[in-house]
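One file, input_18.cif, is given below (mmCIF, C-alpha atoms).
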data_target
#
loop_
_atom_site.group_PDB
_atom_site.id
_atom_site.type_symbol
_atom_site.label_atom_id
_atom_site.label_comp_id
_atom_site.auth_asym_id
_atom_site.auth_seq_id
_atom_site.Cartn_x
_atom_site.Cartn_y
_atom_site.Cartn_z
ATOM 1 C CA MET A 1 2.945 -3.756 -27.921
ATOM 2 C CA THR A 2 1.324 -7.166 -28.068
ATOM 3 C CA ASN A 3 -0.284 -9.224 -25.308
ATOM 4 C CA GLN A 4 2.017 -12.155 -26.032
ATOM 5 C CA LEU A 5 4.042 -13.246 -22.987
ATOM 6 C CA MET A 6 7.554 -14.575 -23.409
ATOM 7 C CA THR A 7 10.806 -14.955 -21.520
ATOM 8 C CA ALA A 8 14.036 -13.024 -21.931
ATOM 9 C CA ASP A 9 15.718 -16.141 -23.317
ATOM 10 C CA GLU A 10 12.987 -16.501 -25.956
ATOM 11 C CA LEU A 11 13.399 -12.874 -27.004
ATOM 12 C CA LEU A 12 17.196 -13.219 -27.140
ATOM 13 C CA ALA A 13 16.778 -16.253 -29.433
ATOM 14 C CA LEU A 14 15.000 -14.095 -32.050
ATOM 15 C CA PRO A 15 16.915 -12.114 -34.665
ATOM 16 C CA PRO A 16 17.928 -8.826 -33.017
ATOM 17 C CA ASP A 17 16.037 -5.722 -34.071
ATOM 18 C CA GLY A 18 17.213 -3.198 -31.464
ATOM 19 C CA ARG A 19 13.674 -1.959 -30.910
ATOM 20 C CA THR A 20 11.990 -4.667 -28.834
ATOM 21 C CA GLU A 21 12.079 -4.926 -25.057
ATOM 22 C CA LEU A 22 10.444 -7.257 -22.593
ATOM 23 C CA VAL A 23 8.626 -5.629 -19.669
ATOM 24 C CA GLU A 24 7.008 -8.001 -17.186
ATOM 25 C CA GLY A 25 6.940 -10.680 -19.901
ATOM 26 C CA LYS A 26 5.224 -8.431 -22.471
ATOM 27 C CA LEU A 27 6.828 -7.423 -25.747
ATOM 28 C CA VAL A 28 7.165 -3.653 -26.036
ATOM 29 C CA VAL A 29 8.303 -2.058 -29.276
ATOM 30 C CA GLN A 30 10.182 1.211 -28.974
ATOM 31 C CA ASP A 31 9.058 3.980 -31.291
ATOM 32 C CA PRO A 32 11.702 6.708 -30.984
ATOM 33 C CA SER A 33 11.271 10.084 -32.656
ATOM 34 C CA TYR A 34 14.092 11.959 -34.347
ATOM 35 C CA ARG A 35 14.258 14.247 -31.318
ATOM 36 C CA HIS A 36 14.570 11.200 -29.061
ATOM 37 C CA ASN A 37 17.481 9.944 -31.163
ATOM 38 C CA ARG A 38 19.207 13.358 -31.209
ATOM 39 C CA ILE A 39 19.002 13.623 -27.418
ATOM 40 C CA ALA A 40 20.223 10.057 -26.866
ATOM 41 C CA GLY A 41 23.055 10.671 -29.341
ATOM 42 C CA THR A 42 24.081 13.887 -27.600
ATOM 43 C CA LEU A 43 24.156 12.192 -24.186
ATOM 44 C CA TYR A 44 26.110 9.249 -25.566
ATOM 45 C CA ARG A 45 28.699 11.550 -27.167
ATOM 46 C CA ARG A 46 29.129 13.455 -23.896
ATOM 47 C CA PHE A 47 29.441 10.235 -21.880
ATOM 48 C CA ALA A 48 31.881 8.730 -24.387
ATOM 49 C CA ALA A 49 34.026 11.884 -24.476
ATOM 50 C CA TRP A 50 34.164 11.919 -20.675
ATOM 51 C CA THR A 51 35.254 8.258 -20.531
ATOM 52 C CA GLU A 52 37.993 8.882 -23.115
ATOM 53 C CA GLU A 53 39.472 11.901 -21.302
ATOM 54 C CA ALA A 54 41.313 9.729 -18.772
ATOM 55 C CA PRO A 55 42.009 6.032 -18.221
ATOM 56 C CA GLY A 56 39.832 4.071 -15.813
ATOM 57 C CA ARG A 57 36.586 5.878 -16.553
ATOM 58 C CA GLY A 58 34.641 2.854 -17.729
ATOM 59 C CA GLU A 59 32.552 2.697 -20.872
ATOM 60 C CA ALA A 60 29.486 4.421 -22.313
ATOM 61 C CA GLY A 61 27.114 2.884 -24.805
ATOM 62 C CA LEU A 62 23.909 3.117 -26.797
ATOM 63 C CA GLY A 63 21.341 0.342 -26.612
ATOM 64 C CA GLY A 64 22.334 -3.214 -25.881
ATOM 65 C CA ASN A 65 20.378 -5.816 -23.956
ATOM 66 C CA VAL A 66 20.075 -5.740 -20.180
ATOM 67 C CA ARG A 67 18.436 -8.917 -18.866
ATOM 68 C CA LEU A 68 17.318 -8.199 -15.316
ATOM 69 C CA ASP A 69 15.392 -11.465 -15.016
ATOM 70 C CA GLN A 70 13.370 -13.767 -17.279
ATOM 71 C CA ALA A 71 10.479 -11.299 -17.497
ATOM 72 C CA ASN A 72 12.494 -8.108 -18.077
ATOM 73 C CA LEU A 73 14.961 -7.495 -20.902
ATOM 74 C CA TYR A 74 15.590 -3.808 -21.556
ATOM 75 C CA CYS A 75 17.498 -1.848 -24.154
ATOM 76 C CA PRO A 76 18.472 1.412 -22.427
ATOM 77 C CA ASP A 77 18.889 4.404 -24.709
ATOM 78 C CA VAL A 78 22.237 5.378 -23.177
ATOM 79 C CA TRP A 79 24.286 3.775 -20.432
ATOM 80 C CA TRP A 80 27.558 4.025 -18.545
ATOM 81 C CA VAL A 81 29.454 1.432 -16.478
ATOM 82 C CA ARG A 82 32.462 2.013 -14.266
ATOM 83 C CA ASP A 83 35.838 0.532 -15.087
ATOM 84 C CA GLY A 84 35.881 -3.250 -14.701
ATOM 85 C CA ARG A 85 32.171 -3.635 -15.525
ATOM 86 C CA GLN A 86 32.399 -3.223 -19.315
ATOM 87 C CA PRO A 87 30.560 -5.815 -21.395
ATOM 88 C CA GLY A 88 32.657 -8.366 -23.252
ATOM 89 C CA VAL A 89 33.309 -7.859 -26.941
ATOM 90 C CA GLU A 90 31.034 -10.748 -27.950
ATOM 91 C CA ASP A 91 28.366 -10.307 -25.238
ATOM 92 C CA ILE A 92 24.807 -9.919 -26.537
ATOM 93 C CA TYR A 93 23.360 -9.032 -23.133
ATOM 94 C CA ARG A 94 24.310 -8.300 -19.562
ATOM 95 C CA ASP A 95 22.615 -9.719 -16.466
ATOM 96 C CA ASP A 96 22.875 -6.606 -14.352
ATOM 97 C CA PRO A 97 21.991 -2.989 -14.997
ATOM 98 C CA PRO A 98 24.591 -0.395 -15.927
ATOM 99 C CA ASP A 99 25.746 1.982 -13.196
ATOM 100 C CA LEU A 100 23.954 4.865 -14.930
ATOM 101 C CA VAL A 101 20.945 4.190 -17.156
ATOM 102 C CA VAL A 102 19.280 6.802 -19.392
ATOM 103 C CA GLU A 103 15.840 6.317 -20.914
ATOM 104 C CA VAL A 104 14.584 8.993 -23.333
ATOM 105 C CA ARG A 105 10.840 9.381 -23.728
ATOM 106 C CA SER A 106 9.178 7.543 -26.594
ATOM 107 C CA PRO A 107 5.395 7.750 -26.987
ATOM 108 C CA GLY A 108 4.779 4.010 -26.650
ATOM 109 C CA THR A 109 7.245 3.269 -23.851
ATOM 110 C CA TRP A 110 7.203 6.250 -21.468
ATOM 111 C CA ARG A 111 4.593 4.710 -19.163
ATOM 112 C CA TYR A 112 6.928 1.743 -18.707
ATOM 113 C CA ASP A 113 9.995 3.960 -18.247
ATOM 114 C CA ILE A 114 8.443 5.906 -15.365
ATOM 115 C CA GLY A 115 6.701 2.827 -13.930
ATOM 116 C CA ARG A 116 7.779 -0.794 -14.181
ATOM 117 C CA LYS A 117 11.190 -0.185 -15.729
ATOM 118 C CA ARG A 118 12.098 2.407 -13.111
ATOM 119 C CA ASP A 119 11.005 0.028 -10.348
ATOM 120 C CA ASN A 120 12.914 -2.892 -11.867
ATOM 121 C CA TYR A 121 16.117 -0.890 -12.383
ATOM 122 C CA GLU A 122 15.855 0.102 -8.724
ATOM 123 C CA ARG A 123 15.156 -3.469 -7.561
ATOM 124 C CA HIS A 124 18.107 -4.812 -9.570
ATOM 125 C CA ASP A 125 20.538 -2.257 -8.105
ATOM 126 C CA ALA A 126 21.092 0.277 -10.879
ATOM 127 C CA GLY A 127 23.144 3.035 -9.281
ATOM 128 C CA GLU A 128 21.347 5.870 -11.038
ATOM 129 C CA LEU A 129 18.554 6.366 -13.582
ATOM 130 C CA TRP A 130 17.852 9.426 -15.730
ATOM 131 C CA LEU A 131 14.440 9.664 -17.408
ATOM 132 C CA VAL A 132 14.487 12.298 -20.141
ATOM 133 C CA ASP A 133 10.985 13.693 -20.604
ATOM 134 C CA THR A 134 10.951 15.263 -24.061
ATOM 135 C CA ALA A 135 7.338 16.427 -23.635
ATOM 136 C CA ALA A 136 8.141 18.536 -20.559
ATOM 137 C CA ASN A 137 11.808 19.327 -21.393
ATOM 138 C CA VAL A 138 12.929 18.002 -18.047
ATOM 139 C CA VAL A 139 15.177 15.192 -16.838
ATOM 140 C CA LEU A 140 14.100 13.173 -13.825
ATOM 141 C CA GLY A 141 16.932 11.621 -11.860
ATOM 142 C CA TYR A 142 16.875 8.779 -9.362
ATOM 143 C CA ARG A 143 19.979 7.771 -7.439
ATOM 144 C CA ARG A 144 21.186 6.080 -4.295
ATOM 145 C CA SER A 145 23.019 8.047 -1.636
ATOM 146 C CA SER A 146 25.382 5.062 -1.294
ATOM 147 C CA PRO A 147 25.661 1.612 -2.927
ATOM 148 C CA GLU A 148 24.334 -0.037 0.233
ATOM 149 C CA VAL A 149 20.994 1.801 0.084
ATOM 150 C CA PRO A 150 18.361 -0.664 -1.219
ATOM 151 C CA LYS A 151 16.217 1.930 -3.024
ATOM 152 C CA PHE A 152 16.629 5.170 -4.917
ATOM 153 C CA ASP A 153 16.587 7.641 -2.063
ATOM 154 C CA ILE A 154 17.479 10.807 -3.980
ATOM 155 C CA GLU A 155 15.108 12.237 -6.575
ATOM 156 C CA LEU A 156 16.199 15.078 -8.836
ATOM 157 C CA GLU A 157 14.581 17.183 -11.526
ATOM 158 C CA TRP A 158 16.615 19.162 -14.034
ATOM 159 C CA ALA A 159 14.776 21.746 -16.167
ATOM 160 C CA ASP A 160 17.906 23.874 -16.524
ATOM 161 C CA GLY A 161 21.449 23.867 -15.221
ATOM 162 C CA ALA A 162 23.769 20.939 -15.785
ATOM 163 C CA LEU A 163 23.080 17.236 -15.656
ATOM 164 C CA SER A 164 25.709 15.600 -13.490
ATOM 165 C CA THR A 165 26.329 12.571 -11.351
ATOM 166 C CA PRO A 166 28.806 11.902 -8.550
ATOM 167 C CA MET A 167 29.761 8.675 -10.348
ATOM 168 C CA MET A 168 31.214 10.637 -13.286
ATOM 169 C CA ALA A 169 33.072 13.523 -11.616
ATOM 170 C CA GLY A 170 33.398 16.499 -13.937
ATOM 171 C CA LEU A 171 30.705 15.446 -16.417
ATOM 172 C CA ALA A 172 28.240 18.266 -17.072
ATOM 173 C CA VAL A 173 25.552 18.377 -19.763
ATOM 174 C CA ASP A 174 23.628 21.625 -20.211
ATOM 175 C CA VAL A 175 19.937 20.724 -19.959
ATOM 176 C CA VAL A 176 18.632 23.644 -22.047
ATOM 177 C CA GLU A 177 21.140 22.851 -24.812
ATOM 178 C CA LEU A 178 20.115 19.186 -24.680
ATOM 179 C CA PHE A 179 16.489 20.053 -25.437
ATOM 180 C CA ASP A 180 17.136 22.970 -27.808
ATOM 181 C CA ARG A 181 19.038 20.903 -30.378
#

Please, can you express the file's structure as structure tokens?
Amino acid sequence: MTNQLMTADELLALPPDGRTELVEGKLVVQDPSYRHNRIAGTLYRRFAAWTEEAPGRGEAGLGGNVRLDQANLYCPDVWWVRDGRQPGVEDIYRDDPPDLVVEVRSPGTWRYDIGRKRDNYERHDAGELWLVDTAANVVLGYRRSSPEVPKFDIELEWADGALSTPMMAGLAVDVVELFDR
């Protein structure tokens, strides 16, 4: 990370590198481990398979730019949006958070994931956020009991069992298997 402040538009004007985010105007470089990438890949594959099982299940993705405001441009590790909210083919960013956002722990970014980024996803109406803590082998979940609720009012912690969300009925990801890969 540097102490240089910039705007989301300035960062978007640079050549894309897929590793740089903007948190409160500060450049933050992601430093994912191989384990981080395996876990993100596993979640993406499960999300993508679920969306392909039936029409109208939206879209899952890896990375991509989410511009919440001029000081915050994130690149979530994995994401899902409901049908009708898919990004356009040529879009290089979206101005609203996905319905479900997943951030997997990286050494240099975890403090932002559990702090400012969590708060900003909440403030900008993300429906649900999963924070995958690879150091503790646990997934922290934050969701709203209904879309009208202004803040995450349900907090979850999965150390075993199946990751699931009411937004993706029938999706289940074994937590132990996720970490044991």

(message) Using only C-alpha atoms, can you tell me which of A:Glu128, A:Asp119, A:Glu21, A:Asp133 comes closest to Pro166 (chain A)?
(response) A:Glu128

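Pairwise distance (CA of Arg105 (chain A), CA of Arg82 (chain A)) equals 24.7 Å.
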
(request) Could you tell me which residues the PyMOL selection byres ((chain A and resi 4-10) around 10) returns for this structure, as a ChimeraX atom specification? (result) /A:1-3,11-14,21-28,65-74

(message) One decimal, in Å: what's the spacing between CA of Asn37 (chain A) and CA of Glu103 (chain A)?
(response) 11.0 Å

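Those residues returned by the PyMOL selection byres ((chain A and resi 77) around 8) for this file are Ala40, Leu62, Gly63, Cys75, Pro76, Val78, Trp79, Val101, Val102, Glu103 and Val104 of chain A.
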
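With all atoms listed in the file as the atoms that count, the minimum distance from Glu122 (chain A) to the choices A:Gly141, A:Gly64, A:Pro32, A:Pro107 is reached by A:Gly141.
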
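Residue nearest Glu59 (chain A), chosen from A:Trp110, A:Met168, A:Leu129, A:Ser145 and counting all atoms listed in the file: A:Met168.
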